[in-house]
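Chemist: I am sharing start-v9.cif, which consists of mmCIF, C-alpha atoms:
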data_entry
#
loop_
_atom_site.label_atom_id
_atom_site.label_comp_id
_atom_site.auth_asym_id
_atom_site.auth_seq_id
_atom_site.Cartn_x
_atom_site.Cartn_y
_atom_site.Cartn_z
CA MET M 1333 -0.26 21.95 -24.63
CA ASN M 1334 -3.85 22.14 -23.47
CA ARG M 1335 -4.81 22.06 -19.82
CA THR M 1336 -6.05 18.45 -19.76
CA SER M 1337 -2.92 17.20 -21.41
CA GLU M 1338 -0.79 19.10 -18.92
CA GLN M 1339 -2.79 17.67 -16.02
CA ASN M 1340 -2.38 14.17 -17.37
CA LYS M 1341 1.33 14.70 -17.70
CA ARG M 1342 1.68 15.93 -14.15
CA GLY M 1343 -0.48 13.08 -12.91
CA ALA M 1344 1.82 10.63 -14.63
CA GLN M 1345 4.80 12.26 -12.95
CA VAL M 1346 3.13 11.93 -9.56
CA ASP M 1347 2.43 8.25 -10.21
CA GLU M 1348 5.99 7.64 -11.35
CA SER M 1349 7.41 9.27 -8.24
CA LEU M 1350 5.19 7.19 -6.00
CA ARG M 1351 6.10 4.01 -7.84
CA ARG M 1352 9.76 4.75 -7.28
CA ALA M 1353 9.11 5.29 -3.59
CA PHE M 1354 7.14 2.08 -3.11
CA GLN M 1355 9.02 -0.19 -5.52
CA PRO M 1356 11.56 -1.32 -2.90
CA THR M 1357 8.69 -2.52 -0.70
CA LEU M 1358 7.21 -4.41 -3.62
CA ASP M 1359 10.58 -5.94 -4.52
CA GLU M 1360 11.65 -6.82 -0.99
CA ASP M 1361 11.96 -10.46 0.01
CA LEU M 1362 9.19 -11.61 2.27
CA PRO M 1363 10.22 -10.71 5.84
CA ASP M 1364 10.81 -13.57 8.24
CA ARG M 1365 7.72 -12.74 10.26
CA PHE M 1366 5.54 -13.58 7.28
CA ARG M 1367 7.42 -16.78 6.52
CA SER M 1368 6.85 -17.84 10.12
CA LEU M 1369 3.22 -16.79 9.97
CA LEU M 1370 2.59 -18.77 6.81
CA ALA M 1371 4.30 -21.82 8.25
CA ALA M 1372 2.06 -21.59 11.31
CA LEU M 1373 -1.05 -21.14 9.18
CA ARG M 1374 -0.14 -24.14 7.05
CA ASP M 1375 0.27 -26.14 10.23
CA GLY M 1376 -3.24 -25.14 11.23
CA LYS M 1377 -2.20 -22.90 14.07
CA ASP M 1378 -4.30 -20.06 12.86
CA ALA M 1379 -6.71 -18.16 15.02
CA ASP M 1380 -10.34 -17.85 14.04
CA ASP M 1381 -11.23 -14.35 13.08
CA GLU M 1382 -14.22 -13.72 10.92
CA GLU M 1383 -14.22 -9.96 11.04
CA ASP M 1384 -13.46 -7.75 8.09
CA THR M 1385 -13.65 -10.45 5.46
CA ARG M 1386 -16.91 -9.24 4.02
CA LYS M 1387 -16.82 -9.20 0.29
CA MET Y 565 -14.53 -24.94 -1.64
CA SER Y 566 -11.59 -25.72 0.46
CA ASP Y 567 -11.77 -26.46 4.11
CA ALA Y 568 -9.81 -23.82 5.97
CA SER Y 569 -8.93 -26.30 8.68
CA GLY Y 570 -7.68 -28.99 6.33
CA PRO Y 571 -4.29 -29.64 4.82
CA VAL Y 572 -2.99 -27.21 2.26
CA GLY Y 573 -2.62 -28.67 -1.20
CA ALA Y 574 -1.10 -27.34 -4.41
CA ALA Y 575 -4.45 -26.03 -5.61
CA ASP Y 576 -5.43 -24.54 -2.32
CA PRO Y 577 -6.58 -20.96 -2.98
CA ARG Y 578 -4.97 -19.89 0.28
CA GLU Y 579 -1.58 -20.26 -1.35
CA GLU Y 580 -2.46 -17.42 -3.69
CA ILE Y 581 -2.62 -15.11 -0.69
CA VAL Y 582 1.15 -15.39 -0.36
CA THR Y 583 1.74 -13.91 -3.79
CA HIS Y 584 -0.15 -10.76 -2.86
CA ILE Y 585 1.69 -9.95 0.36
CA PRO Y 586 4.12 -7.45 -1.26
CA ALA Y 587 1.22 -5.44 -2.69
CA LEU Y 588 -0.60 -5.65 0.63
CA ARG Y 589 2.47 -4.29 2.41
CA ALA Y 590 2.67 -1.34 0.03
CA PHE Y 591 -1.04 -0.64 0.42
CA ALA Y 592 -0.75 -0.91 4.20
CA LEU Y 593 2.25 1.40 4.26
CA ALA Y 594 0.34 4.01 2.29
CA LEU Y 595 -2.58 3.77 4.70
CA THR Y 596 -0.74 3.67 8.02
CA ARG Y 597 2.33 5.70 7.03
CA ASN Y 598 4.18 3.56 9.52
CA GLY Y 599 6.21 0.48 8.58
CA ALA Y 600 5.66 -1.42 11.82
CA ASP Y 601 1.92 -0.78 11.87
CA ALA Y 602 1.74 -1.68 8.19
CA ASP Y 603 3.28 -5.11 8.69
CA ASP Y 604 1.14 -5.74 11.78
CA MET Y 605 -1.91 -4.90 9.74
CA VAL Y 606 -0.85 -7.13 6.85
CA GLN Y 607 -0.28 -9.98 9.27
CA ASP Y 608 -3.75 -9.53 10.76
CA SER Y 609 -5.25 -9.39 7.30
CA VAL Y 610 -3.46 -12.50 6.06
CA VAL Y 611 -4.71 -14.45 9.07
CA LYS Y 612 -8.26 -13.24 8.47
CA ALA Y 613 -8.11 -14.14 4.80
CA TRP Y 614 -6.50 -17.51 5.44
CA THR Y 615 -9.01 -18.52 8.09
CA ASN Y 616 -11.99 -17.22 6.14
CA ILE Y 617 -11.05 -18.43 2.69
CA GLU Y 618 -14.52 -19.90 2.26
CA LYS Y 619 -15.78 -16.32 1.92
CA PHE Y 620 -13.65 -15.79 -1.16
CA GLU Y 621 -15.57 -16.28 -4.37
CA PRO Y 622 -13.58 -18.58 -6.67
CA GLY Y 623 -12.84 -16.90 -9.96
CA SER Y 624 -13.10 -13.42 -8.54
CA ASN Y 625 -10.19 -11.08 -7.96
CA MET Y 626 -8.40 -12.31 -4.83
CA ARG Y 627 -6.18 -9.25 -4.62
CA ALA Y 628 -9.20 -6.95 -4.53
CA TRP Y 629 -10.69 -9.17 -1.81
CA LEU Y 630 -7.47 -8.92 0.19
CA TYR Y 631 -7.37 -5.15 -0.24
CA THR Y 632 -10.90 -5.04 1.15
CA ILE Y 633 -9.90 -7.06 4.20
CA LEU Y 634 -6.84 -4.89 4.76
CA ARG Y 635 -8.81 -1.72 4.36
CA ASN Y 636 -11.54 -2.91 6.74
CA THR Y 637 -8.84 -3.80 9.23
CA TYR Y 638 -7.34 -0.35 8.93
CA TYR Y 639 -10.58 1.52 9.39
CA SER Y 640 -11.90 -0.73 12.16
CA GLN Y 641 -8.72 -1.05 14.20
CA TYR Y 642 -5.62 0.84 13.19
CA ARG Y 643 -6.97 4.20 12.22
CA LYS Y 644 -8.37 4.72 15.70
CA ARG Y 645 -5.07 4.36 17.41
CA ARG Y 646 -2.69 5.70 14.86
CA ARG Y 647 -0.57 8.68 15.58
CA GLU Y 648 -1.88 11.90 14.20
CA VAL Y 649 0.53 12.25 11.40
CA SER Y 650 1.73 14.27 9.23
CA ASP Y 651 4.77 13.42 11.26
CA PRO Y 652 6.71 16.65 10.90
CA GLU Y 653 9.94 14.72 10.95
CA GLY Y 654 8.59 12.86 7.94
CA ILE Y 655 7.70 9.22 7.93
CA PHE Y 656 10.81 8.48 6.01
CA ALA Y 657 12.87 11.13 7.67
CA GLY Y 658 14.25 9.45 10.77
CA GLN Y 659 17.12 7.61 9.20
CA LEU Y 660 17.36 9.99 6.32
CA SER Y 661 18.26 12.82 8.63
CA GLU Y 662 21.39 10.96 9.67
CA LYS Y 663 22.65 10.83 6.12
CA PRO Y 664 24.47 13.51 4.19
CA ALA Y 665 22.37 16.03 2.37
CA HIS Y 666 21.20 14.79 -0.96
CA ASP Y 667 19.01 16.79 -3.30
CA GLY Y 668 17.22 13.80 -4.74
CA ARG Y 669 16.54 12.30 -1.37
CA LEU Y 670 15.26 15.58 0.04
CA GLN Y 671 12.98 16.06 -2.92
CA MET Y 672 11.53 12.60 -2.45
CA GLN Y 673 11.22 13.19 1.27
CA ASP Y 674 9.19 16.32 0.59
CA PHE Y 675 7.10 14.41 -1.89
CA LEU Y 676 6.31 11.62 0.56
CA GLU Y 677 5.51 14.05 3.33
CA GLU Y 678 2.99 15.71 1.06
CA PHE Y 679 1.60 12.31 0.07
CA ASN Y 680 1.19 11.48 3.76
CA LYS Y 681 -0.87 14.62 4.28
CA LEU Y 682 -3.49 13.55 1.76
CA PRO Y 683 -6.79 12.30 3.19
CA ASP Y 684 -7.08 8.54 3.67
CA ASP Y 685 -9.52 8.14 0.80
CA GLN Y 686 -7.22 9.90 -1.65
CA ARG Y 687 -4.10 8.03 -0.51
CA GLU Y 688 -5.78 4.68 -0.90
CA ALA Y 689 -7.14 5.54 -4.34
CA LEU Y 690 -3.80 6.81 -5.57
CA ILE Y 691 -1.77 3.89 -4.24
CA LEU Y 692 -4.16 1.34 -5.72
CA VAL Y 693 -4.43 2.93 -9.14
CA GLY Y 694 -1.19 4.83 -9.53
CA VAL Y 695 1.27 2.49 -7.84
CA LEU Y 696 -0.27 -0.97 -7.68
CA GLY Y 697 -1.76 -0.74 -11.15
CA GLU Y 698 -5.28 -1.70 -10.22
CA SER Y 699 -8.07 -0.77 -12.59
CA TYR Y 700 -10.52 1.87 -11.45
CA GLU Y 701 -13.12 -0.88 -11.28
CA ASP Y 702 -11.06 -3.13 -9.00
CA ALA Y 703 -10.01 -0.21 -6.83
CA ALA Y 704 -13.65 0.83 -6.52
CA ARG Y 705 -14.59 -2.72 -5.55
CA ALA Y 706 -11.85 -2.86 -2.94
CA CYS Y 707 -12.90 0.48 -1.46
CA ASP Y 708 -16.62 -0.24 -1.78
CA VAL Y 709 -17.36 2.94 -3.69
CA ALA Y 710 -18.46 3.85 -7.19
CA VAL Y 711 -15.95 3.85 -10.02
CA GLY Y 712 -16.52 7.56 -10.51
CA THR Y 713 -15.64 8.17 -6.89
CA ILE Y 714 -12.31 6.41 -7.26
CA LYS Y 715 -11.56 8.35 -10.43
CA SER Y 716 -12.37 11.60 -8.69
CA ARG Y 717 -10.26 10.78 -5.63
CA THR Y 718 -7.31 9.71 -7.74
CA SER Y 719 -7.52 12.83 -9.84
CA ARG Y 720 -7.75 15.11 -6.82
CA ALA Y 721 -4.80 13.40 -5.16
CA ARG Y 722 -2.64 13.76 -8.26
CA ALA Y 723 -3.62 17.39 -8.70
CA MET Y 724 -2.99 18.17 -5.04
CA LEU Y 725 0.47 16.64 -5.07
CA ALA Y 726 1.40 18.27 -8.34
CA GLU Y 727 0.24 21.63 -7.04
CA ARG Y 728 1.91 21.40 -3.65
CA LEU Y 729 5.16 20.29 -5.12
CA GLU Y 730 4.97 22.47 -8.19
CA ILE Y 731 5.60 19.60 -10.51
CA SER Y 732 6.08 21.30 -13.78
CA ASN Y 733 9.17 19.88 -15.32
CA ASP Y 734 9.36 16.88 -17.58
CA LYS Y 735 10.31 14.21 -15.14
CA ALA Y 736 9.41 12.61 -11.87
CA PHE Y 737 11.36 13.39 -8.75
CA GLU Y 738 14.86 12.12 -8.89
CA LEU Y 739 15.84 9.19 -6.78
CA THR Y 740 19.33 9.31 -8.00
CA ASP Y 741 20.79 6.00 -6.99
CA ALA Y 742 20.18 2.65 -5.41
CA ALA Y 743 21.62 3.82 -2.12
CA THR Y 744 18.95 6.48 -1.87
CA LEU Y 745 16.22 3.96 -2.54
CA GLY Y 746 17.72 1.67 0.06
CA VAL Y 747 17.72 4.37 2.71
CA ILE Y 748 14.12 5.29 2.03
CA THR Y 749 13.05 1.67 2.09
CA SER Y 750 14.84 0.85 5.32
CA ALA Y 751 13.48 3.97 6.98
CA ALA Y 752 9.96 3.08 5.95
CA ALA Y 753 10.29 -0.49 7.14
CA SER Y 754 11.74 0.52 10.47
CA ARG Y 755 8.84 2.67 11.50
#
Give the structure from the file, written as structure tokens.
Modeler:
Amino acid sequence: MNRTSEQNKRGAQVDESLRRAFQPTLDEDLPDRFRSLLAALRDGKDADDEEDTRK
Amino acid sequence: MSDASGPVGAADPREEIVTHIPALRAFALALTRNGADADDMVQDSVVKAWTNIEKFEPGSNMRAWLYTILRNTYYSQYRKRRREVSDPEGIFAGQLSEKPAHDGRLQMQDFLEEFNKLPDDQREALILVGVLGESYEDAARACDVAVGTIKSRTSRARAMLAERLEISNDKAFELTDAATLGVITSAAASR
């Protein structure tokens, strides 16, 4: 196996390991704090904050 | 364009924000390496996005826009006050240490500790491309850098982790069972 192929293979293994580590976070039900936040935002109780939304 | 102060309808673009929260949480966790800070940061970012939806360009990639907001929030607020980690106990180690020894878990713990030691720019590139499946182009847009820069950072991060952990066999680290995954997840979320 040439060097590039070996590097790609190891890179894929790194990615797979990270995906396994983060998958539970991605699969987790939305925590209550976010449900409450969204309910408040939908009710118009949001605070104005224009920072950090630059495209 | 929708009025951010008006009622939320079915076609309101703000509702799309909700669908991206899981990815934002993962991205935030990779940046902060702390579950509590990560969710605080996601909450701040969701509020910013929701209240500034008029700045979102319809038809563009909302997730990339949200990543940008989250990232700006991290660098402008959270990074300054974060603990200087590598966290020798390991970000995922607190609850893990109370559990019986487990080869797979310990391997993953080592892996995550090495991941946490990577520079911010490499962690964010690797999480976006390697875990969240973003294209190099979208990741570059989110991080406000050239595509080549993202490719380089991703490549260096992969090589660094592979080298430090001597990944040379044919498979990724073993997370042997659901219980192990559950422990890691709960530990991450509790911090």
Chemist: Can you measure atom CA of Y:Leu634 to atom CA of M:Asp1375 for me? One decimal in Å is fine.
Modeler: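 Those two atoms sit 23.1 Å apart.
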Chemist: Atom CA of Y:Ala600 to atom CA of Y:Leu682: how many Å, to one decimal?
Modeler: 20.2 Å
Chemist: Mind giving me the straight-line distance from atom CA of Y:Thr615 to atom CA of Y:Thr637 in Å, one decimal?
Modeler: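 These atoms are spaced 14.8 Å apart.
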Chemist: With only C-alpha atoms as the counted atoms, please give the residues lying no more than 10 Å from M:Gln1355, apart from itself and same-chain residues fewer than 5 positions off, as number ranges by chain.
Modeler: M: 1349-1350, 1360; Y: 586-587, 590, 695-696, 745, 749
Chemist: On this structure, the PyMOL selection byres ((chain Y and resi 718) around 9) would catch which residues? List them as number ranges by chain, sorted by chain and number.
Modeler: Y: 685-691, 693-694, 713-717, 719-723
Chemist: Pull C-alpha atoms from the residues just selected and write them as a PDB file, keeping the file's coordinate frame.
Modeler:
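Written output follows (again_32.pdb):
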ATOM      1  CA  ASP Y 685      -9.520   8.140   0.800  1.00  0.00           C
ATOM      2  CA  GLN Y 686      -7.220   9.900  -1.650  1.00  0.00           C
ATOM      3  CA  ARG Y 687      -4.100   8.030  -0.510  1.00  0.00           C
ATOM      4  CA  GLU Y 688      -5.780   4.680  -0.900  1.00  0.00           C
ATOM      5  CA  ALA Y 689      -7.140   5.540  -4.340  1.00  0.00           C
ATOM      6  CA  LEU Y 690      -3.800   6.810  -5.570  1.00  0.00           C
ATOM      7  CA  ILE Y 691      -1.770   3.890  -4.240  1.00  0.00           C
ATOM      8  CA  VAL Y 693      -4.430   2.930  -9.140  1.00  0.00           C
ATOM      9  CA  GLY Y 694      -1.190   4.830  -9.530  1.00  0.00           C
ATOM     10  CA  THR Y 713     -15.640   8.170  -6.890  1.00  0.00           C
ATOM     11  CA  ILE Y 714     -12.310   6.410  -7.260  1.00  0.00           C
ATOM     12  CA  LYS Y 715     -11.560   8.350 -10.430  1.00  0.00           C
ATOM     13  CA  SER Y 716     -12.370  11.600  -8.690  1.00  0.00           C
ATOM     14  CA  ARG Y 717     -10.260  10.780  -5.630  1.00  0.00           C
ATOM     15  CA  SER Y 719      -7.520  12.830  -9.840  1.00  0.00           C
ATOM     16  CA  ARG Y 720      -7.750  15.110  -6.820  1.00  0.00           C
ATOM     17  CA  ALA Y 721      -4.800  13.400  -5.160  1.00  0.00           C
ATOM     18  CA  ARG Y 722      -2.640  13.760  -8.260  1.00  0.00           C
ATOM     19  CA  ALA Y 723      -3.620  17.390  -8.700  1.00  0.00           C
TER      20      ALA Y 723
END
Chemist: Taking 4 positions as the minimum chain separation for residues in the same chain, which residues sit within 10 Å of stretch 727-729 of chain Y when counting only C-alpha atoms? Answer as a PyMOL selection string.
Modeler: (chain M and resi 1342+1346) or (chain Y and resi 671+674-675+678-679+721-723+737)
Chemist: From the set M:Asn1340, M:Ser1368, M:Gln1345, M:Asn1334, which residue has the shortest atom-to-atom contact distance to chain Y, counting all atoms listed in the file?
Modeler: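 Checking each candidate against chain Y, we get M:Gln1345 as the closest.
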Chemist: Counting all atoms listed in the file, figure out which residue out of M:Ala1371, M:Asp1347, M:Ser1337, M:Asp1361 gets nearest to chain Y.
Modeler: M:Asp1347
Chemist: Which residue, Y:Gly712, Y:Gly623, Y:Pro683, Y:Gly599, has the smallest gap to chain M when you use all atoms listed in the file?
Modeler: Y:Gly599
Chemist: Under the rule that all atoms listed in the file are counted, which of Y:Ser640, Y:Gln607, Y:Gln673, Y:Asn598 is the nearest residue to M:Leu1362?
Modeler: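 Closest to M:Leu1362 of all the choices is Y:Gln607.
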Chemist: Pick from M:Lys1341, M:Arg1367, M:Leu1358, M:Ala1372: nearest to chain Y, with only C-alpha atoms counted?
Modeler: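 Comparing M:Lys1341, M:Arg1367, M:Leu1358, M:Ala1372 against chain Y, the winner is M:Leu1358.
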